[in-house]
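Participant: What follows is the file model29.pdb, containing PDB, C-alpha atoms and all ligand atoms:
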ATOM      1  CA  MET A   2       2.335 -34.538-178.346  1.00  0.00           C
ATOM      2  CA  ASN A   3       1.611 -38.260-178.362  1.00  0.00           C
ATOM      3  CA  ASN A   4       0.893 -39.939-175.087  1.00  0.00           C
ATOM      4  CA  ILE A   5       3.188 -42.862-174.387  1.00  0.00           C
ATOM      5  CA  THR A   6       3.431 -45.713-171.879  1.00  0.00           C
ATOM      6  CA  ILE A   7       6.433 -45.626-169.564  1.00  0.00           C
ATOM      7  CA  ALA A   8       7.436 -48.900-167.890  1.00  0.00           C
ATOM      8  CA  ILE A   9       9.951 -48.723-165.045  1.00  0.00           C
ATOM      9  CA  ASP A  10      11.350 -51.974-163.664  1.00  0.00           C
ATOM     10  CA  GLY A  11      14.192 -52.790-161.356  1.00  0.00           C
ATOM     11  CA  PHE A  12      15.309 -54.090-157.978  1.00  0.00           C
ATOM     12  CA  SER A  13      13.663 -52.875-154.787  1.00  0.00           C
ATOM     13  CA  SER A  14      14.609 -49.408-153.549  1.00  0.00           C
ATOM     14  CA  THR A  15      16.247 -48.292-156.778  1.00  0.00           C
ATOM     15  CA  GLY A  16      14.205 -45.109-156.731  1.00  0.00           C
ATOM     16  CA  LYS A  17      11.666 -46.328-159.289  1.00  0.00           C
ATOM     17  CA  SER A  18       8.709 -44.710-157.579  1.00  0.00           C
ATOM     18  CA  THR A  19      10.504 -41.399-157.033  1.00  0.00           C
ATOM     19  CA  LEU A  20      11.323 -41.184-160.730  1.00  0.00           C
ATOM     20  CA  ALA A  21       7.868 -42.426-161.781  1.00  0.00           C
ATOM     21  CA  LYS A  22       6.131 -39.791-159.632  1.00  0.00           C
ATOM     22  CA  GLN A  23       8.373 -37.002-160.982  1.00  0.00           C
ATOM     23  CA  LEU A  24       7.676 -38.056-164.579  1.00  0.00           C
ATOM     24  CA  ALA A  25       3.926 -38.451-164.052  1.00  0.00           C
ATOM     25  CA  LYS A  26       3.694 -35.010-162.459  1.00  0.00           C
ATOM     26  CA  HIS A  27       5.748 -33.342-165.173  1.00  0.00           C
ATOM     27  CA  LEU A  28       3.946 -35.014-168.089  1.00  0.00           C
ATOM     28  CA  GLY A  29       0.450 -34.986-166.527  1.00  0.00           C
ATOM     29  CA  TYR A  30       0.368 -38.795-166.637  1.00  0.00           C
ATOM     30  CA  VAL A  31      -1.159 -41.285-164.219  1.00  0.00           C
ATOM     31  CA  TYR A  32       1.333 -42.998-161.919  1.00  0.00           C
ATOM     32  CA  VAL A  33       0.647 -46.604-160.925  1.00  0.00           C
ATOM     33  CA  ASP A  34       2.735 -48.282-158.213  1.00  0.00           C
ATOM     34  CA  SER A  35       2.232 -51.963-159.077  1.00  0.00           C
ATOM     35  CA  GLY A  36       4.244 -53.039-156.013  1.00  0.00           C
ATOM     36  CA  ALA A  37       1.546 -51.467-153.829  1.00  0.00           C
ATOM     37  CA  MET A  38      -0.931 -53.958-155.288  1.00  0.00           C
ATOM     38  CA  TYR A  39       1.270 -56.953-154.363  1.00  0.00           C
ATOM     39  CA  ARG A  40       1.734 -55.410-150.925  1.00  0.00           C
ATOM     40  CA  ALA A  41      -2.060 -55.007-150.578  1.00  0.00           C
ATOM     41  CA  VAL A  42      -2.679 -58.690-151.329  1.00  0.00           C
ATOM     42  CA  THR A  43       0.068 -59.538-148.805  1.00  0.00           C
ATOM     43  CA  TYR A  44      -1.599 -57.356-146.168  1.00  0.00           C
ATOM     44  CA  PHE A  45      -4.913 -59.099-146.886  1.00  0.00           C
ATOM     45  CA  ALA A  46      -3.220 -62.504-146.481  1.00  0.00           C
ATOM     46  CA  MET A  47      -1.683 -61.381-143.174  1.00  0.00           C
ATOM     47  CA  GLN A  48      -5.041 -60.119-141.865  1.00  0.00           C
ATOM     48  CA  ASN A  49      -6.627 -63.449-142.778  1.00  0.00           C
ATOM     49  CA  LYS A  50      -3.782 -65.455-141.204  1.00  0.00           C
ATOM     50  CA  LEU A  51      -2.896 -67.039-144.530  1.00  0.00           C
ATOM     51  CA  VAL A  52       0.780 -66.105-144.430  1.00  0.00           C
ATOM     52  CA  SER A  53       3.541 -65.679-141.869  1.00  0.00           C
ATOM     53  CA  GLU A  54       7.318 -66.059-141.773  1.00  0.00           C
ATOM     54  CA  ASN A  55       7.133 -69.876-142.036  1.00  0.00           C
ATOM     55  CA  TYR A  56       3.602 -70.509-143.317  1.00  0.00           C
ATOM     56  CA  LEU A  57       1.638 -69.930-146.506  1.00  0.00           C
ATOM     57  CA  ASP A  58      -1.899 -71.145-147.229  1.00  0.00           C
ATOM     58  CA  LYS A  59      -1.663 -70.664-150.982  1.00  0.00           C
ATOM     59  CA  GLU A  60      -4.949 -72.429-151.846  1.00  0.00           C
ATOM     60  CA  GLY A  61      -6.768 -70.504-149.104  1.00  0.00           C
ATOM     61  CA  LEU A  62      -5.533 -67.215-150.528  1.00  0.00           C
ATOM     62  CA  ILE A  63      -6.404 -68.144-154.124  1.00  0.00           C
ATOM     63  CA  LYS A  64      -9.969 -68.955-152.975  1.00  0.00           C
ATOM     64  CA  LYS A  65     -10.287 -65.584-151.286  1.00  0.00           C
ATOM     65  CA  LEU A  66      -8.819 -63.505-154.140  1.00  0.00           C
ATOM     66  CA  PRO A  67     -12.275 -62.460-155.453  1.00  0.00           C
ATOM     67  CA  GLU A  68     -12.898 -60.756-152.063  1.00  0.00           C
ATOM     68  CA  ILE A  69     -10.051 -58.309-152.704  1.00  0.00           C
ATOM     69  CA  LYS A  70     -11.091 -55.114-154.466  1.00  0.00           C
ATOM     70  CA  LEU A  71      -8.216 -52.722-155.092  1.00  0.00           C
ATOM     71  CA  HIS A  72      -8.206 -49.178-156.326  1.00  0.00           C
ATOM     72  CA  PHE A  73      -5.935 -46.145-156.293  1.00  0.00           C
ATOM     73  CA  GLN A  74      -7.251 -42.743-155.245  1.00  0.00           C
ATOM     74  CA  PHE A  75      -5.318 -39.549-155.931  1.00  0.00           C
ATOM     75  CA  ASN A  76      -4.441 -37.585-152.798  1.00  0.00           C
ATOM     76  CA  PRO A  77      -3.824 -33.953-153.855  1.00  0.00           C
ATOM     77  CA  ASP A  78      -1.989 -33.164-150.592  1.00  0.00           C
ATOM     78  CA  LEU A  79       0.549 -35.923-151.229  1.00  0.00           C
ATOM     79  CA  GLY A  80       0.577 -35.534-155.005  1.00  0.00           C
ATOM     80  CA  PHE A  81       0.117 -39.238-155.728  1.00  0.00           C
ATOM     81  CA  ALA A  82      -2.542 -41.938-155.592  1.00  0.00           C
ATOM     82  CA  GLU A  83      -2.950 -43.992-152.434  1.00  0.00           C
ATOM     83  CA  MET A  84      -3.797 -47.681-152.253  1.00  0.00           C
ATOM     84  CA  TYR A  85      -7.284 -48.699-151.140  1.00  0.00           C
ATOM     85  CA  MET A  86      -8.471 -52.220-150.411  1.00  0.00           C
ATOM     86  CA  ASN A  87     -12.213 -52.769-150.173  1.00  0.00           C
ATOM     87  CA  ASP A  88     -12.599 -48.987-149.865  1.00  0.00           C
ATOM     88  CA  VAL A  89     -10.194 -48.667-146.914  1.00  0.00           C
ATOM     89  CA  ASN A  90      -7.021 -46.602-147.281  1.00  0.00           C
ATOM     90  CA  ILE A  91      -4.147 -49.012-146.549  1.00  0.00           C
ATOM     91  CA  GLU A  92      -1.270 -46.842-147.795  1.00  0.00           C
ATOM     92  CA  ASN A  93       0.559 -46.886-144.426  1.00  0.00           C
ATOM     93  CA  GLU A  94      -0.244 -50.498-143.568  1.00  0.00           C
ATOM     94  CA  ILE A  95       1.391 -51.825-146.756  1.00  0.00           C
ATOM     95  CA  ARG A  96       4.712 -50.014-146.181  1.00  0.00           C
ATOM     96  CA  THR A  97       5.785 -51.844-143.004  1.00  0.00           C
ATOM     97  CA  ILE A  98       8.842 -54.096-142.817  1.00  0.00           C
ATOM     98  CA  GLU A  99       6.493 -57.026-141.978  1.00  0.00           C
ATOM     99  CA  VAL A 100       4.751 -56.647-145.347  1.00  0.00           C
ATOM    100  CA  SER A 101       8.138 -56.220-147.076  1.00  0.00           C
ATOM    101  CA  ARG A 102       9.315 -59.497-145.513  1.00  0.00           C
ATOM    102  CA  LEU A 103       6.331 -61.499-146.793  1.00  0.00           C
ATOM    103  CA  VAL A 104       5.482 -59.849-150.105  1.00  0.00           C
ATOM    104  CA  SER A 105       7.859 -61.853-152.308  1.00  0.00           C
ATOM    105  CA  LYS A 106       6.145 -65.097-151.235  1.00  0.00           C
ATOM    106  CA  ILE A 107       2.789 -63.713-152.320  1.00  0.00           C
ATOM    107  CA  ALA A 108       4.170 -62.245-155.546  1.00  0.00           C
ATOM    108  CA  GLU A 109       5.324 -65.752-156.560  1.00  0.00           C
ATOM    109  CA  ILE A 110       1.746 -67.038-156.811  1.00  0.00           C
ATOM    110  CA  SER A 111       0.657 -67.150-160.474  1.00  0.00           C
ATOM    111  CA  GLU A 112      -3.035 -66.636-159.664  1.00  0.00           C
ATOM    112  CA  VAL A 113      -2.192 -63.455-157.753  1.00  0.00           C
ATOM    113  CA  ARG A 114      -0.046 -62.204-160.632  1.00  0.00           C
ATOM    114  CA  ALA A 115      -2.729 -62.947-163.234  1.00  0.00           C
ATOM    115  CA  LYS A 116      -5.345 -60.986-161.290  1.00  0.00           C
ATOM    116  CA  LEU A 117      -3.076 -57.979-160.741  1.00  0.00           C
ATOM    117  CA  VAL A 118      -1.614 -57.920-164.265  1.00  0.00           C
ATOM    118  CA  GLU A 119      -5.149 -57.816-165.712  1.00  0.00           C
ATOM    119  CA  GLN A 120      -6.005 -54.787-163.557  1.00  0.00           C
ATOM    120  CA  GLN A 121      -2.707 -53.086-164.419  1.00  0.00           C
ATOM    121  CA  GLN A 122      -3.269 -53.531-168.142  1.00  0.00           C
ATOM    122  CA  ALA A 123      -6.763 -52.033-167.800  1.00  0.00           C
ATOM    123  CA  MET A 124      -5.289 -49.004-165.990  1.00  0.00           C
ATOM    124  CA  GLY A 125      -2.865 -48.445-168.853  1.00  0.00           C
ATOM    125  CA  LYS A 126      -5.181 -48.958-171.794  1.00  0.00           C
ATOM    126  CA  ASN A 127      -5.357 -45.228-172.630  1.00  0.00           C
ATOM    127  CA  LYS A 128      -1.565 -44.742-172.384  1.00  0.00           C
ATOM    128  CA  ALA A 129      -0.335 -41.589-170.577  1.00  0.00           C
ATOM    129  CA  VAL A 130       0.698 -43.870-167.745  1.00  0.00           C
ATOM    130  CA  VAL A 131       3.921 -44.401-165.803  1.00  0.00           C
ATOM    131  CA  MET A 132       3.949 -47.758-164.039  1.00  0.00           C
ATOM    132  CA  ASP A 133       6.740 -49.168-161.921  1.00  0.00           C
ATOM    133  CA  GLY A 134       7.368 -52.723-160.768  1.00  0.00           C
ATOM    134  CA  ARG A 135       9.280 -55.843-161.742  1.00  0.00           C
ATOM    135  CA  ASP A 136       7.517 -57.130-164.874  1.00  0.00           C
ATOM    136  CA  ILE A 137       6.038 -53.992-166.402  1.00  0.00           C
ATOM    137  CA  GLY A 138       8.232 -53.861-169.526  1.00  0.00           C
ATOM    138  CA  THR A 139       8.275 -57.643-169.945  1.00  0.00           C
ATOM    139  CA  VAL A 140       4.729 -58.820-169.084  1.00  0.00           C
ATOM    140  CA  VAL A 141       2.303 -55.976-168.339  1.00  0.00           C
ATOM    141  CA  PHE A 142       3.224 -53.591-171.188  1.00  0.00           C
ATOM    142  CA  PRO A 143       5.598 -55.421-173.559  1.00  0.00           C
ATOM    143  CA  ASP A 144       4.826 -52.746-176.174  1.00  0.00           C
ATOM    144  CA  ALA A 145       5.600 -49.751-173.941  1.00  0.00           C
ATOM    145  CA  GLU A 146       7.338 -46.987-175.886  1.00  0.00           C
ATOM    146  CA  LEU A 147       9.827 -46.312-173.094  1.00  0.00           C
ATOM    147  CA  LYS A 148      11.210 -49.014-170.817  1.00  0.00           C
ATOM    148  CA  LEU A 149      13.659 -48.230-168.048  1.00  0.00           C
ATOM    149  CA  PHE A 150      15.548 -50.746-165.937  1.00  0.00           C
ATOM    150  CA  MET A 151      16.880 -49.248-162.715  1.00  0.00           C
ATOM    151  CA  THR A 152      19.789 -50.586-160.710  1.00  0.00           C
ATOM    152  CA  ALA A 153      21.926 -49.451-157.766  1.00  0.00           C
ATOM    153  CA  SER A 154      24.189 -51.272-155.326  1.00  0.00           C
ATOM    154  CA  ALA A 155      22.503 -53.232-152.495  1.00  0.00           C
ATOM    155  CA  HIS A 156      24.209 -50.972-149.942  1.00  0.00           C
ATOM    156  CA  THR A 157      22.913 -47.786-151.589  1.00  0.00           C
ATOM    157  CA  ARG A 158      19.408 -49.215-151.754  1.00  0.00           C
ATOM    158  CA  ALA A 159      19.361 -50.500-148.167  1.00  0.00           C
ATOM    159  CA  LYS A 160      20.564 -47.121-146.914  1.00  0.00           C
ATOM    160  CA  ARG A 161      17.795 -45.339-148.832  1.00  0.00           C
ATOM    161  CA  ARG A 162      15.082 -47.685-147.546  1.00  0.00           C
ATOM    162  CA  HIS A 163      16.468 -47.493-143.981  1.00  0.00           C
ATOM    163  CA  ASP A 164      16.437 -43.663-144.040  1.00  0.00           C
ATOM    164  CA  GLU A 165      12.824 -43.749-145.300  1.00  0.00           C
ATOM    165  CA  LEU A 166      11.654 -46.124-142.557  1.00  0.00           C
ATOM    166  CA  ILE A 167      13.413 -44.151-139.804  1.00  0.00           C
ATOM    167  CA  GLU A 168      11.829 -40.954-141.116  1.00  0.00           C
ATOM    168  CA  LYS A 169       8.426 -42.646-140.814  1.00  0.00           C
ATOM    169  CA  GLY A 170       9.230 -43.537-137.193  1.00  0.00           C
ATOM    170  CA  GLN A 171       9.750 -47.271-137.797  1.00  0.00           C
ATOM    171  CA  HIS A 172      12.638 -48.555-135.716  1.00  0.00           C
ATOM    172  CA  VAL A 173      14.558 -51.106-137.748  1.00  0.00           C
ATOM    173  CA  SER A 174      18.271 -51.746-138.037  1.00  0.00           C
ATOM    174  CA  TYR A 175      20.240 -51.100-141.209  1.00  0.00           C
ATOM    175  CA  GLU A 176      21.344 -54.770-141.184  1.00  0.00           C
ATOM    176  CA  ASP A 177      17.720 -55.983-141.187  1.00  0.00           C
ATOM    177  CA  VAL A 178      16.873 -53.712-144.100  1.00  0.00           C
ATOM    178  CA  LEU A 179      19.961 -54.843-146.048  1.00  0.00           C
ATOM    179  CA  GLN A 180      19.058 -58.477-145.449  1.00  0.00           C
ATOM    180  CA  ASN A 181      15.491 -57.827-146.642  1.00  0.00           C
ATOM    181  CA  VAL A 182      16.744 -56.075-149.786  1.00  0.00           C
ATOM    182  CA  GLN A 183      19.090 -58.982-150.598  1.00  0.00           C
ATOM    183  CA  GLU A 184      16.462 -61.651-149.928  1.00  0.00           C
ATOM    184  CA  ARG A 185      13.909 -59.878-152.117  1.00  0.00           C
ATOM    185  CA  ASP A 186      16.489 -59.461-154.908  1.00  0.00           C
ATOM    186  CA  TYR A 187      17.040 -63.200-154.840  1.00  0.00           C
ATOM    187  CA  ILE A 188      13.364 -64.203-154.802  1.00  0.00           C
ATOM    188  CA  ASP A 189      12.332 -61.542-157.359  1.00  0.00           C
ATOM    189  CA  THR A 190      14.970 -62.722-159.858  1.00  0.00           C
ATOM    190  CA  HIS A 191      14.550 -66.476-159.262  1.00  0.00           C
ATOM    191  CA  ARG A 192      10.777 -67.016-159.201  1.00  0.00           C
ATOM    192  CA  ASP A 193       9.254 -69.118-162.022  1.00  0.00           C
ATOM    193  CA  ASP A 194       6.450 -66.714-162.982  1.00  0.00           C
ATOM    194  CA  SER A 195       7.570 -63.357-164.398  1.00  0.00           C
ATOM    195  CA  PRO A 196      10.981 -63.076-162.706  1.00  0.00           C
ATOM    196  CA  LEU A 197      12.643 -59.692-162.647  1.00  0.00           C
ATOM    197  CA  VAL A 198      14.697 -59.438-165.842  1.00  0.00           C
ATOM    198  CA  LYS A 199      15.716 -56.522-167.980  1.00  0.00           C
ATOM    199  CA  ALA A 200      13.585 -56.368-171.129  1.00  0.00           C
ATOM    200  CA  HIS A 201      15.771 -56.606-174.245  1.00  0.00           C
ATOM    201  CA  ASP A 202      14.681 -53.118-175.284  1.00  0.00           C
ATOM    202  CA  ALA A 203      14.943 -51.461-171.848  1.00  0.00           C
ATOM    203  CA  ILE A 204      17.421 -48.700-171.065  1.00  0.00           C
ATOM    204  CA  GLU A 205      19.462 -49.474-167.959  1.00  0.00           C
ATOM    205  CA  ILE A 206      20.064 -46.696-165.451  1.00  0.00           C
ATOM    206  CA  ASP A 207      22.435 -47.249-162.524  1.00  0.00           C
ATOM    207  CA  ASN A 208      21.659 -44.437-160.133  1.00  0.00           C
ATOM    208  CA  SER A 209      24.092 -45.315-157.317  1.00  0.00           C
ATOM    209  CA  THR A 210      25.838 -41.989-157.839  1.00  0.00           C
ATOM    210  CA  LEU A 211      23.027 -39.906-159.336  1.00  0.00           C
ATOM    211  CA  THR A 212      20.930 -37.416-157.396  1.00  0.00           C
ATOM    212  CA  LYS A 213      17.153 -37.544-157.879  1.00  0.00           C
ATOM    213  CA  LYS A 214      17.349 -34.402-159.979  1.00  0.00           C
ATOM    214  CA  GLU A 215      20.175 -35.703-162.188  1.00  0.00           C
ATOM    215  CA  GLN A 216      18.265 -38.901-162.818  1.00  0.00           C
ATOM    216  CA  PHE A 217      15.039 -37.059-163.610  1.00  0.00           C
ATOM    217  CA  ASP A 218      16.779 -34.677-166.031  1.00  0.00           C
ATOM    218  CA  LEU A 219      18.496 -37.567-167.792  1.00  0.00           C
ATOM    219  CA  VAL A 220      15.235 -39.439-168.387  1.00  0.00           C
ATOM    220  CA  LEU A 221      13.290 -36.326-169.349  1.00  0.00           C
ATOM    221  CA  ASP A 222      15.968 -35.551-171.953  1.00  0.00           C
ATOM    222  CA  LEU A 223      15.496 -39.031-173.391  1.00  0.00           C
ATOM    223  CA  ILE A 224      11.738 -38.615-173.558  1.00  0.00           C
ATOM    224  CA  TYR A 225      11.847 -35.285-175.347  1.00  0.00           C
ATOM    225  CA  LYS A 226      14.574 -36.477-177.722  1.00  0.00           C
ATOM    226  CA  PHE A 227      12.936 -39.723-178.770  1.00  0.00           C
ATOM    227  CA  TYR A 228       9.246 -39.719-177.975  1.00  0.00           C
ATOM    228  CA  TYR A 229       7.827 -36.212-178.289  1.00  0.00           C
TER     229      TYR A 229
HETATM  230  O1  LIG B 301       8.158 -52.122-155.502  1.00  0.00           O
HETATM  231  P1  LIG B 301       7.929 -52.746-154.133  1.00  0.00           P
HETATM  232  O2  LIG B 301       9.187 -53.001-153.349  1.00  0.00           O
HETATM  233  O3  LIG B 301       6.912 -52.004-153.329  1.00  0.00           O
HETATM  234  O4  LIG B 301       7.297 -54.177-154.476  1.00  0.00           O
HETATM  235  C1  LIG B 301       6.933 -55.079-153.468  1.00  0.00           C
HETATM  236  C2  LIG B 301       7.152 -56.511-153.924  1.00  0.00           C
HETATM  237  O5  LIG B 301       6.178 -56.846-154.914  1.00  0.00           O
HETATM  238  C3  LIG B 301       8.511 -56.838-154.512  1.00  0.00           C
HETATM  239  O6  LIG B 301       9.316 -57.534-153.593  1.00  0.00           O
HETATM  240  C4  LIG B 301       8.227 -57.726-155.691  1.00  0.00           C
HETATM  241  C5  LIG B 301       6.756 -57.624-155.930  1.00  0.00           C
HETATM  242  N1  LIG B 301       6.399 -57.046-157.235  1.00  0.00           N
HETATM  243  C6  LIG B 301       6.275 -57.889-158.303  1.00  0.00           C
HETATM  244  O7  LIG B 301       6.522 -59.086-158.173  1.00  0.00           O
HETATM  245  N2  LIG B 301       5.876 -57.399-159.506  1.00  0.00           N
HETATM  246  C7  LIG B 301       5.619 -56.094-159.661  1.00  0.00           C
HETATM  247  N3  LIG B 301       5.222 -55.639-160.850  1.00  0.00           N
HETATM  248  C8  LIG B 301       5.776 -55.211-158.573  1.00  0.00           C
HETATM  249  C9  LIG B 301       6.182 -55.722-157.369  1.00  0.00           C
END
Rewrite the structure of this file - the entire thing - as structure tokens.
Facilitator:
Amino acid sequence: MNNITIAIDGFSSTGKSTLAKQLAKHLGYVYVDSGAMYRAVTYFAMQNKLVSENYLDKEGLIKKLPEIKLHFQFNPDLGFAEMYMNDVNIENEIRTIEVSRLVSKIAEISEVRAKLVEQQQAMGKNKAVVMDGRDIGTVVFPDAELKLFMTASAHTRAKRRHDELIEKGQHVSYEDVLQNVQERDYIDTHRDDSPLVKAHDAIEIDNSTLTKKEQFDLVLDLIYKFYY
């Protein structure tokens, strides 16, 4: 069996990470959540008062980028790798609605993208990796053997994200989550550097009406048919 690189891109809350984790577990691959890295830089910028709803000190952040050391560490109890910044576990801190509101601004900065893309490429150099994000099939791994592009309606995605946040005890309204999903869609697809686009050789999966299991089975079928 040849190890391959699996790139999963798509809009926020399209179930990319659920599918990526299922695939990584089944195939014995490493799963990398590239969005967690953009969230980590955003959290750093928030801690250092470099970003807020109506403020961004872009030059200040670029100067401080060398201070940010990121790594993932596998947590066997959770079954996936958690995000660490400067050796501190920040997995919970990066999943708040505050980080979600600010992350697109940070992800627009080319210097941030260059730093993270370099690290992502290093993580994937031995293949056997499933990475999800916005530019994985287009920029990070343009030669990936399997590229998936996930979509679902904004309503479906907002409902999923809202359910997740409520389950974690974060009290946010469905309308706020929907607005955040729509704003991020707009910024992610309109930014100058590496906007979210479907790679010409990506397979599009609309999972609005698919269960997690149906989606997983569909992709696994593809992998065994074409790549193993
Ligand atoms: O996948 P996510 O929602 O956790 O990603 C958070 C944000 O990071 C998202 O709004 C866009 C950005 N992002 C990106 O620009 N490129 C990636 N490869 C992954 C995420």
Participant: Could the centre and edge lengths of an axis-aligned box, enclosing all atoms of ligand LIG 301 (chain B) in the file with 3 Å extra on each side, be given in Å to one decimal as JSON?
Facilitator:
{"center_x": 7.3, "center_y": -55.5, "center_z": -157.1, "size_x": 10.1, "size_y": 13.1, "size_z": 13.5}
Participant: Find the distance between CA of Lys26 in chain A and CA of Ala8 in chain A and write it in Å to one decimal.
Facilitator: 15.4 Å
Participant: May I ask which of the residues A:Glu60, A:Asp164, A:Asp202, A:Asp133 is the closest one to ligand LIG 301 (chain B), counting only C-alpha atoms and all ligand atoms?
Facilitator: A:Asp133
Participant: Using only C-alpha atoms and all ligand atoms, what does the table of chain A residues within 6 Å of ligand LIG 301 (chain B) look like, with each row giving the shortest atom pair and its distance in Å to one decimal, sorted by chain and ascending number, as CSV?
Facilitator:
residue,atom,partner,partner_atom,distance
A:Ser13,CA,B:LIG301,O2,4.7
A:Ser35,CA,B:LIG301,C8,4.8
A:Gly36,CA,B:LIG301,C9,3.6
A:Ala37,CA,B:LIG301,O3,5.4
A:Tyr39,CA,B:LIG301,O5,4.9
A:Arg40,CA,B:LIG301,C1,5.8
A:Val104,CA,B:LIG301,C2,5.3
A:Ser105,CA,B:LIG301,O6,4.7
A:Ala108,CA,B:LIG301,O7,4.7
A:Gly134,CA,B:LIG301,N3,3.6
A:Arg135,CA,B:LIG301,N3,4.2
A:Asp136,CA,B:LIG301,N3,4.9
A:Ile137,CA,B:LIG301,N3,5.8
A:Arg185,CA,B:LIG301,O6,5.4
A:Asp189,CA,B:LIG301,C4,5.8
Participant: Can you tell me, as an MDAnalysis selection string, which residues sit within 12 Å of (-8.7, -61.7, -156.9) in the file's frame, using all atoms listed in the file?
Facilitator: chainID A and resid 38:39 41:42 45:46 61:71 86:87 110:120
Participant: Have a look at CA of Tyr44 in chain A and CA of Glu94 in chain A and let me know their distance in Å, one decimal.
Facilitator: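 Distance between the two atoms: 7.5 Å.
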Participant: Would you work out the distance separating CA of Thr19 in chain A from CA of Asp207 in chain A, expressed in Å to one decimal?
Facilitator: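 Separation of CA of Thr19 in chain A and CA of Asp207 in chain A: 14.4 Å.
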Participant: Name the residues captured by the PyMOL selection byres (((chain A and resi 153) around 7) and not hetatm) when it is applied to the shown file; answer as a list in words.
Facilitator: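 Given this file, the PyMOL selection byres (((chain A and resi 153) around 7) and not hetatm) evaluates to Thr15, Thr152, Ser154, Ala155, Thr157, Arg158, Asp207, Asn208 and Ser209 of chain A.
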Participant: Can you turn the PyMOL selection byres (((chain A and resi 25) around 12) and not hetatm) into a concrete residue list for this file, as an mmCIF file with C-alpha atoms, in the frame of the given file?
Facilitator:
data_model
loop_
_atom_site.group_PDB
_atom_site.id
_atom_site.type_symbol
_atom_site.label_atom_id
_atom_site.label_comp_id
_atom_site.auth_asym_id
_atom_site.auth_seq_id
_atom_site.Cartn_x
_atom_site.Cartn_y
_atom_site.Cartn_z
ATOM 1 C CA ASN A 4 0.893 -39.939 -175.087
ATOM 2 C CA ILE A 5 3.188 -42.862 -174.387
ATOM 3 C CA THR A 6 3.431 -45.713 -171.879
ATOM 4 C CA ILE A 7 6.433 -45.626 -169.564
ATOM 5 C CA ALA A 8 7.436 -48.900 -167.890
ATOM 6 C CA ILE A 9 9.951 -48.723 -165.045
ATOM 7 C CA SER A 18 8.709 -44.710 -157.579
ATOM 8 C CA THR A 19 10.504 -41.399 -157.033
ATOM 9 C CA LEU A 20 11.323 -41.184 -160.730
ATOM 10 C CA ALA A 21 7.868 -42.426 -161.781
ATOM 11 C CA LYS A 22 6.131 -39.791 -159.632
ATOM 12 C CA GLN A 23 8.373 -37.002 -160.982
ATOM 13 C CA LEU A 24 7.676 -38.056 -164.579
ATOM 14 C CA LYS A 26 3.694 -35.010 -162.459
ATOM 15 C CA HIS A 27 5.748 -33.342 -165.173
ATOM 16 C CA LEU A 28 3.946 -35.014 -168.089
ATOM 17 C CA GLY A 29 0.450 -34.986 -166.527
ATOM 18 C CA TYR A 30 0.368 -38.795 -166.637
ATOM 19 C CA VAL A 31 -1.159 -41.285 -164.219
ATOM 20 C CA TYR A 32 1.333 -42.998 -161.919
ATOM 21 C CA VAL A 33 0.647 -46.604 -160.925
ATOM 22 C CA ASP A 34 2.735 -48.282 -158.213
ATOM 23 C CA GLY A 80 0.577 -35.534 -155.005
ATOM 24 C CA PHE A 81 0.117 -39.238 -155.728
ATOM 25 C CA ALA A 82 -2.542 -41.938 -155.592
ATOM 26 C CA LYS A 128 -1.565 -44.742 -172.384
ATOM 27 C CA ALA A 129 -0.335 -41.589 -170.577
ATOM 28 C CA VAL A 130 0.698 -43.870 -167.745
ATOM 29 C CA VAL A 131 3.921 -44.401 -165.803
ATOM 30 C CA MET A 132 3.949 -47.758 -164.039
ATOM 31 C CA ASP A 133 6.740 -49.168 -161.921
ATOM 32 C CA PHE A 217 15.039 -37.059 -163.610
ATOM 33 C CA LEU A 221 13.290 -36.326 -169.349
#
Participant: Using the chain letters and numbering of this document, enumerate as a count of residues only the residues selected by the PyMOL selection byres (((chain A and resi 186) around 10) and not hetatm).
Facilitator: 17
Participant: Of the residues A:Val198, A:Leu57, A:Thr97, A:Ser14, which is the one nearest to Lys169 in chain A, using all atoms listed in the file?
Facilitator: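 Smallest separation from Lys169 in chain A among the options: A:Thr97.
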Participant: Please return as a PyMOL selection string every residue within 12 Å of (0.9, -48.6, -143.0), taking into account only C-alpha atoms and the file's own coordinates.
Facilitator: chain A and resi 37+40-41+44+83-85+89-101+166+169-171
Participant: Keeping only C-alpha atoms, write those residues as a tab-separated table (two decimals), in the coordinates of the input.
Facilitator:
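Writing done, so here's part_21.tsv:
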chain	number	residue	atom	x	y	z
A	37	ALA	CA	1.55	-51.47	-153.83
A	40	ARG	CA	1.73	-55.41	-150.93
A	41	ALA	CA	-2.06	-55.01	-150.58
A	44	TYR	CA	-1.60	-57.36	-146.17
A	83	GLU	CA	-2.95	-43.99	-152.43
A	84	MET	CA	-3.80	-47.68	-152.25
A	85	TYR	CA	-7.28	-48.70	-151.14
A	89	VAL	CA	-10.19	-48.67	-146.91
A	90	ASN	CA	-7.02	-46.60	-147.28
A	91	ILE	CA	-4.15	-49.01	-146.55
A	92	GLU	CA	-1.27	-46.84	-147.79
A	93	ASN	CA	0.56	-46.89	-144.43
A	94	GLU	CA	-0.24	-50.50	-143.57
A	95	ILE	CA	1.39	-51.82	-146.76
A	96	ARG	CA	4.71	-50.01	-146.18
A	97	THR	CA	5.78	-51.84	-143.00
A	98	ILE	CA	8.84	-54.10	-142.82
A	99	GLU	CA	6.49	-57.03	-141.98
A	100	VAL	CA	4.75	-56.65	-145.35
A	101	SER	CA	8.14	-56.22	-147.08
A	166	LEU	CA	11.65	-46.12	-142.56
A	169	LYS	CA	8.43	-42.65	-140.81
A	170	GLY	CA	9.23	-43.54	-137.19
A	171	GLN	CA	9.75	-47.27	-137.80
Participant: So, counting only C-alpha atoms, which residue among A:Asn127, A:Met151, A:Ala145, A:Asp194 is closest to Gln216 in chain A?
Facilitator: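 Smallest distance to Gln216 in chain A is found for A:Met151.
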Participant: Return the single residue from A:Arg102, A:Lys17, A:Asp10, A:Lys226 that is closest to Ser53 in chain A, with distances computed using all atoms listed in the file.
Facilitator: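 Closest to Ser53 in chain A of all the choices is A:Arg102.
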